[in-house]
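This is model14.txt. It holds compact mmCIF, C-alpha atoms.
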# COMPACT_ATOMS: atom_id res chain seq x y z
CA MET Z 26 21.91 32.54 -37.88
CA LEU Z 27 19.56 34.20 -35.39
CA PHE Z 28 16.67 32.30 -36.95
CA HIS Z 29 18.44 28.96 -36.41
CA ASN Z 30 19.31 29.87 -32.83
CA GLN Z 31 15.69 30.74 -32.16
CA ILE Z 32 14.56 27.40 -33.59
CA PHE Z 33 17.11 25.59 -31.40
CA ARG Z 34 15.92 27.39 -28.25
CA ASP Z 35 12.29 26.69 -29.08
CA SER Z 36 12.97 23.01 -29.71
CA THR Z 37 14.93 22.76 -26.45
CA MET Z 38 12.07 24.34 -24.51
CA ASN Z 39 9.56 21.99 -26.18
CA LEU Z 40 11.75 19.00 -25.34
CA GLY Z 41 11.93 20.13 -21.70
CA THR Z 42 8.18 20.62 -21.63
CA LEU Z 43 7.74 17.00 -22.73
CA ARG Z 44 10.56 15.53 -20.66
CA ASP Z 45 9.79 17.07 -17.27
CA PRO Z 46 6.22 15.72 -16.88
CA VAL Z 47 7.42 12.27 -18.00
CA VAL Z 48 10.16 12.29 -15.35
CA LEU Z 49 7.65 13.33 -12.67
CA MET Z 50 5.13 10.68 -13.74
CA LEU Z 51 7.80 7.96 -13.72
CA ALA Z 52 8.98 9.03 -10.27
CA THR Z 53 5.40 9.07 -8.98
CA SER Z 54 4.73 5.62 -10.45
CA LEU Z 55 7.87 4.12 -8.90
CA LEU Z 56 7.04 5.55 -5.49
CA TRP Z 57 3.45 4.32 -5.74
CA ILE Z 58 4.64 0.81 -6.68
CA SER Z 59 7.08 0.84 -3.75
CA LEU Z 60 4.28 1.93 -1.42
CA ARG Z 61 2.03 -0.86 -2.72
CA ILE Z 62 4.78 -3.44 -2.12
CA ILE Z 63 5.21 -2.26 1.48
CA LEU Z 64 1.45 -2.33 2.14
CA ARG Z 65 1.18 -5.79 0.60
CA ARG Z 66 3.97 -7.05 2.84
CA GLN Z 67 2.15 -5.55 5.83
CA HIS Z 68 -1.06 -7.36 4.87
CA SER Z 69 0.83 -10.63 4.41
CA PHE Z 70 2.37 -10.27 7.86
CA LEU Z 71 -1.03 -9.57 9.44
CA MET Z 72 -2.55 -12.64 7.81
CA HIS Z 73 0.30 -14.94 8.80
CA HIS Z 74 0.68 -13.63 12.36
CA LEU Z 75 -3.03 -13.60 13.23
CA LEU Z 76 -3.54 -17.04 11.69
CA HIS Z 77 -0.65 -18.41 13.72
CA GLN Z 78 -2.10 -16.85 16.88
CA ASN Z 79 -5.62 -18.13 16.08
CA LYS Z 80 -6.85 -14.53 15.99
CA LEU Z 81 -7.85 -14.26 12.36
CA CYS Z 82 -11.12 -12.66 13.46
CA GLU Z 83 -9.09 -9.53 14.35
CA LEU Z 84 -7.87 -9.11 10.75
CA ARG Z 85 -10.75 -6.80 9.84
CA TYR Z 86 -9.97 -4.58 12.84
CA PHE Z 87 -6.29 -4.19 11.89
CA ARG Z 88 -7.10 -3.69 8.20
CA ARG Z 89 -9.54 -0.93 9.12
CA LYS Z 90 -6.91 0.61 11.38
CA SER Z 91 -4.35 0.49 8.56
CA VAL Z 92 -6.80 2.07 6.12
CA ASN Z 93 -7.54 4.88 8.59
CA ARG Z 94 -3.80 5.48 9.04
CA LEU Z 95 -3.31 5.63 5.28
CA ARG Z 96 -6.29 7.99 4.87
CA ASN Z 97 -4.91 10.36 7.52
CA GLN Z 98 -1.48 10.28 5.92
CA LEU Z 99 -2.97 11.07 2.51
CA PHE Z 100 -4.84 14.03 3.99
CA ILE Z 101 -1.73 15.42 5.71
CA ALA Z 102 0.42 14.82 2.61
CA ALA Z 103 -2.16 16.56 0.39
CA ILE Z 104 -2.22 19.67 2.60
CA ALA Z 105 1.59 19.78 2.79
CA SER Z 106 1.90 19.26 -0.99
CA PHE Z 107 -0.60 22.01 -1.75
CA THR Z 108 1.26 24.39 0.58
CA VAL Z 109 4.62 23.61 -1.05
CA LEU Z 110 3.13 23.98 -4.51
CA VAL Z 111 1.58 27.38 -3.69
CA ALA Z 112 4.88 28.60 -2.21
CA ASN Z 113 6.73 27.28 -5.27
CA ASN Z 114 4.41 28.97 -7.76
CA GLU Z 115 4.49 32.29 -5.92
CA ASN Z 116 8.12 32.68 -6.94
CA ALA Z 117 8.56 33.00 -10.71
CA MET Z 118 12.13 31.75 -10.41
CA LEU Z 119 10.97 28.53 -8.74
CA ALA Z 120 7.91 27.78 -10.87
CA PRO Z 121 9.12 25.93 -14.02
CA TYR Z 122 5.78 26.07 -15.86
CA PRO Z 123 3.51 28.49 -14.00
CA ASN Z 124 0.81 28.47 -16.68
CA GLU Z 125 0.70 24.71 -17.26
CA THR Z 126 -2.14 23.20 -15.23
CA SER Z 127 -1.24 19.63 -16.16
CA PHE Z 128 2.33 20.06 -14.93
CA THR Z 129 1.02 21.53 -11.66
CA VAL Z 130 -1.28 18.55 -11.16
CA ILE Z 131 1.53 16.07 -11.89
CA THR Z 132 3.84 17.86 -9.46
CA PHE Z 133 1.11 17.82 -6.82
CA LEU Z 134 0.67 14.05 -7.26
CA LEU Z 135 4.43 13.50 -6.96
CA LEU Z 136 4.62 15.53 -3.75
CA MET Z 137 1.59 13.80 -2.24
CA VAL Z 138 2.71 10.26 -3.09
CA SER Z 139 6.23 11.09 -1.86
CA GLY Z 140 4.83 12.36 1.42
CA VAL Z 141 2.72 9.25 1.96
CA PHE Z 142 5.63 6.98 1.00
CA LEU Z 143 7.98 8.64 3.50
CA TYR Z 144 5.26 8.74 6.16
CA GLN Z 145 4.63 5.00 5.77
CA CYS Z 146 8.35 4.19 5.79
CA ALA Z 147 8.87 6.19 8.97
CA THR Z 148 5.85 4.97 10.94
CA LEU Z 149 4.92 1.46 9.74
CA PRO Z 150 7.74 -0.48 11.51
CA TYR Z 151 7.00 1.35 14.77
CA PHE Z 152 3.26 0.70 14.40
CA LEU Z 153 3.73 -3.03 13.81
CA ARG Z 154 6.22 -3.43 16.66
CA LYS Z 155 3.92 -1.58 19.03
CA GLN Z 156 0.96 -3.78 18.09
CA PHE Z 157 2.55 -7.22 17.84
CA LEU Z 158 6.00 -7.37 19.44
CA PRO Z 159 6.31 -7.72 23.23
CA VAL Z 160 8.66 -5.48 25.17
CA LYS Z 161 10.93 -8.44 25.92
CA ILE Z 162 11.71 -11.32 23.57
CA ASP Z 163 11.46 -14.33 25.88
CA ASN Z 164 9.82 -17.10 23.82
CA PRO Z 165 10.11 -18.62 20.33
CA ALA Z 166 6.86 -17.00 19.16
CA ALA Z 167 8.19 -13.52 19.99
CA LEU Z 168 11.46 -14.37 18.22
CA LYS Z 169 9.55 -15.42 15.10
CA THR Z 170 7.48 -12.22 15.18
CA SER Z 171 10.63 -10.14 15.62
CA HIS Z 172 12.18 -11.89 12.61
CA GLN Z 173 9.14 -11.21 10.42
CA LEU Z 174 9.04 -7.53 11.43
CA HIS Z 175 12.77 -7.28 10.77
CA LEU Z 176 12.19 -8.50 7.21
CA ILE Z 177 9.63 -5.71 6.72
CA SER Z 178 12.12 -3.17 8.08
CA GLN Z 179 14.79 -4.47 5.70
CA LEU Z 180 12.41 -4.09 2.77
CA ILE Z 181 11.63 -0.50 3.78
CA ILE Z 182 15.33 0.33 4.22
CA LEU Z 183 16.02 -0.93 0.68
CA GLN Z 184 13.09 1.06 -0.72
CA VAL Z 185 14.27 4.18 1.10
CA SER Z 186 17.84 3.72 -0.13
CA PHE Z 187 16.78 3.57 -3.77
CA SER Z 188 14.37 6.49 -3.34
CA LEU Z 189 17.43 8.64 -2.59
CA CYS Z 190 18.50 8.05 -6.20
CA LEU Z 191 15.04 9.02 -7.38
CA TRP Z 192 15.19 12.43 -5.70
CA GLN Z 193 18.52 13.10 -7.38
CA VAL Z 194 17.05 12.23 -10.80
CA VAL Z 195 14.16 14.64 -10.19
CA SER Z 196 16.59 17.31 -9.02
CA ALA Z 197 18.84 16.87 -12.09
CA ALA Z 198 15.96 16.77 -14.57
CA ILE Z 199 14.00 19.70 -13.12
CA PRO Z 200 16.30 22.25 -11.42
CA ALA Z 201 13.29 24.29 -10.25
CA LEU Z 202 12.34 21.41 -7.92
CA ARG Z 203 15.86 21.00 -6.57
CA TRP Z 204 15.07 22.42 -3.15
CA VAL Z 205 12.10 20.05 -2.83
CA ALA Z 206 14.27 17.09 -3.85
CA LEU Z 207 16.95 18.13 -1.36
CA ALA Z 208 14.36 18.35 1.42
CA PHE Z 209 13.03 14.89 0.57
CA SER Z 210 16.59 13.54 0.39
CA ALA Z 211 17.43 14.87 3.86
CA LEU Z 212 14.20 13.46 5.30
CA THR Z 213 14.78 10.11 3.58
CA LEU Z 214 18.31 9.91 4.99
CA LEU Z 215 17.04 10.60 8.52
CA ILE Z 216 14.38 7.90 8.15
CA ALA Z 217 16.98 5.40 6.90
CA ILE Z 218 19.28 6.12 9.86
CA ALA Z 219 16.38 5.74 12.34
CA LEU Z 220 15.28 2.46 10.76
CA ILE Z 221 18.79 1.03 10.77
CA TYR Z 222 19.24 1.98 14.42
CA GLN Z 223 15.91 0.41 15.42
CA SER Z 224 16.73 -2.73 13.44
CA ALA Z 225 20.12 -2.96 15.15
CA VAL Z 226 18.42 -2.78 18.56
CA GLU Z 227 15.97 -5.55 17.60
CA VAL Z 228 18.76 -7.73 16.23
CA LYS Z 229 20.66 -7.38 19.50
CA ARG Z 230 17.58 -8.28 21.57
CA ALA Z 231 16.86 -11.31 19.41
CA ARG Z 232 20.48 -12.47 19.51
CA ILE Z 233 20.58 -12.30 23.31
CA TYR Z 234 17.44 -14.40 23.64
CA CYS Z 235 18.52 -16.83 20.92
CA GLU Z 236 21.91 -17.51 22.50
CA SER Z 237 20.34 -18.00 25.92
CA ALA Z 238 17.65 -20.32 24.53
CA LEU Z 239 20.19 -22.39 22.57
CA GLN Z 240 22.38 -22.81 25.66
CA SER Z 241 19.36 -23.92 27.70
CA ASN Z 242 18.36 -26.31 24.93
CA ALA Z 243 21.87 -27.81 24.82
CA ARG Z 244 21.87 -28.35 28.60
CA LYS Z 245 18.50 -30.13 28.44
CA LEU Z 246 19.65 -32.35 25.58
CA HIS Z 247 22.84 -33.26 27.43
CA PHE Z 248 20.81 -34.11 30.55
CA LEU Z 249 18.33 -36.33 28.70
CA ARG Z 250 20.97 -38.16 26.67
CA ASN Z 251 22.77 -39.16 29.87
CA LYS Z 252 19.66 -40.34 31.73
CA GLY Z 253 18.97 -43.93 30.77
CA GLN Z 254 16.52 -44.67 33.62
CA TYR Z 255 13.62 -42.95 31.84
CA PRO Z 256 11.35 -44.90 29.46
CA GLU Z 257 12.93 -45.08 26.04
CA GLN Z 258 9.87 -43.88 24.13
CA ALA Z 259 9.31 -40.84 26.37
CA LEU Z 260 13.02 -40.05 26.30
CA GLN Z 261 13.21 -40.14 22.51
CA LEU Z 262 10.07 -38.02 22.24
CA ALA Z 263 11.52 -35.36 24.57
CA ILE Z 264 14.83 -35.34 22.68
CA LYS Z 265 13.01 -35.02 19.34
CA LYS Z 266 11.02 -32.08 20.70
CA LEU Z 267 14.19 -30.33 21.92
CA LEU Z 268 15.90 -30.91 18.56
CA GLN Z 269 12.91 -29.37 16.80
CA GLN Z 270 13.04 -26.37 19.15
CA ARG Z 271 16.75 -25.93 18.40
CA SER Z 272 16.04 -26.12 14.67
CA ASP Z 273 13.31 -23.47 14.99
CA LEU Z 274 15.59 -21.19 16.98
CA LYS Z 275 18.33 -21.42 14.37
CA ALA Z 276 15.82 -20.85 11.56
CA HIS Z 277 14.69 -17.56 13.07
CA ARG Z 278 18.12 -16.19 13.91
CA PHE Z 279 18.83 -13.11 11.85
CA SER Z 280 21.43 -10.43 11.33
CA LEU Z 281 21.09 -6.75 10.53
CA THR Z 282 21.57 -7.33 6.79
CA THR Z 283 22.34 -10.24 4.51
CA SER Z 284 25.18 -10.18 1.98
CA PHE Z 285 22.72 -9.70 -0.89
CA GLN Z 286 21.07 -6.74 0.86
CA ARG Z 287 24.45 -5.16 1.54
CA TYR Z 288 25.24 -5.39 -2.18
CA LEU Z 289 21.88 -3.79 -3.02
CA ILE Z 290 22.39 -0.92 -0.59
CA ALA Z 291 25.96 -0.41 -1.83
CA GLY Z 292 24.65 -0.39 -5.40
CA ALA Z 293 22.04 2.21 -4.48
CA PHE Z 294 24.66 4.52 -3.00
CA ILE Z 295 27.02 3.99 -5.94
CA LEU Z 296 24.17 4.89 -8.28
CA LEU Z 297 23.39 7.91 -6.13
CA THR Z 298 27.03 9.04 -6.34
CA VAL Z 299 27.10 8.62 -10.13
CA ILE Z 300 23.87 10.61 -10.54
CA TRP Z 301 25.18 13.33 -8.23
CA LEU Z 302 28.46 13.59 -10.18
CA LEU Z 303 26.66 13.69 -13.54
CA ALA Z 304 24.21 16.28 -12.28
CA GLY Z 305 26.98 18.39 -10.81
Could the structure of this file be written out as structure tokens, please?
Amino acid sequence: MLFHNQIFRDSTMNLGTLRDPVVLMLATSLLWISLRIILRRQHSFLMHHLLHQNKLCELRYFRRKSVNRLRNQLFIAAIASFTVLVANNENAMLAPYPNETSFTVITFLLLMVSGVFLYQCATLPYFLRKQFLPVKIDNPAALKTSHQLHLISQLIILQVSFSLCLWQVVSAAIPALRWVALAFSALTLLIAIALIYQSAVEVKRARIYCESALQSNARKLHFLRNKGQYPEQALQLAIKKLLQQRSDLKAHRFSLTTSFQRYLIAGAFILLTVIWLLAG
């Protein structure tokens, strides 16, 4: 009986030794893919915005600036990850596999990628707004830019929401890293709240300008349609231009979230609740 119990304990420990690194590698891969998606969306925005502004020659400058930001974030995240890992391994109760170098390396990669992911999520929307969005939205070009930046913020909010579930999976699978997962969860929640607040402010600014511009457009259309003394060709051309402006304004109106995004965020929090209940 004791022999069978010993075999069961050994097999359980071996299973945990195999499972835990796989969980960490999957979490690291998902975070890295999410980070790549965000960076790709940033590059797409830079290309589109600079091309529209006839400033494509500045693309290299902004790409170099983005690379330098990412390099600095990697350096800071690496130092913080190494510090956390040393503090974790100093305590025998917190170190799950103190003698496993491969597990230590995988944990270090997870912490570093997590740090860079959260750093990018927290700072990228602010960086892009500071570089490309004017203080006041008072023209269609600024409204379009605000809409594009809002789409990036929405993407980051969705990524952050689902990363909350990821921390809970790591916490449930590897109890020794629970305090790290809780710290990341708290930081992720703060970032999500800050992003939602900033997005709400931008939506309000854009809505104020859009309503004012649409009212002005309607007054101009009403004026031109009731003025028959102007040449017909010039009058029709002016009306066509105003109708196109109205169409552009309506195309770039946006709300804080769409119905589909609300379902995704609700699904993320339902999944988070289920994981939390199962882990508890």
* Residue nearest Leu220 in chain Z among Z:Tyr288, Z:Phe187, Z:Tyr234, Z:Tyr151 (counting only C-alpha atoms) -> Z:Tyr151
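Computed from the coordinates, the CA of Leu176 in chain Z to CA of Leu268 in chain Z distance equals 25.4 Å.
Using only C-alpha atoms, the smallest distance between any of Z:Ala231, Z:Leu212, Z:Ala219, Z:Ala166 and Ser280 in chain Z comes from Z:Ala231.
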* Structure fact -> Of Z:Ile177, Z:Leu168, Z:Ala198, Z:Val205, the one nearest to Lys229 in chain Z when counting all atoms listed in the file is Z:Leu168
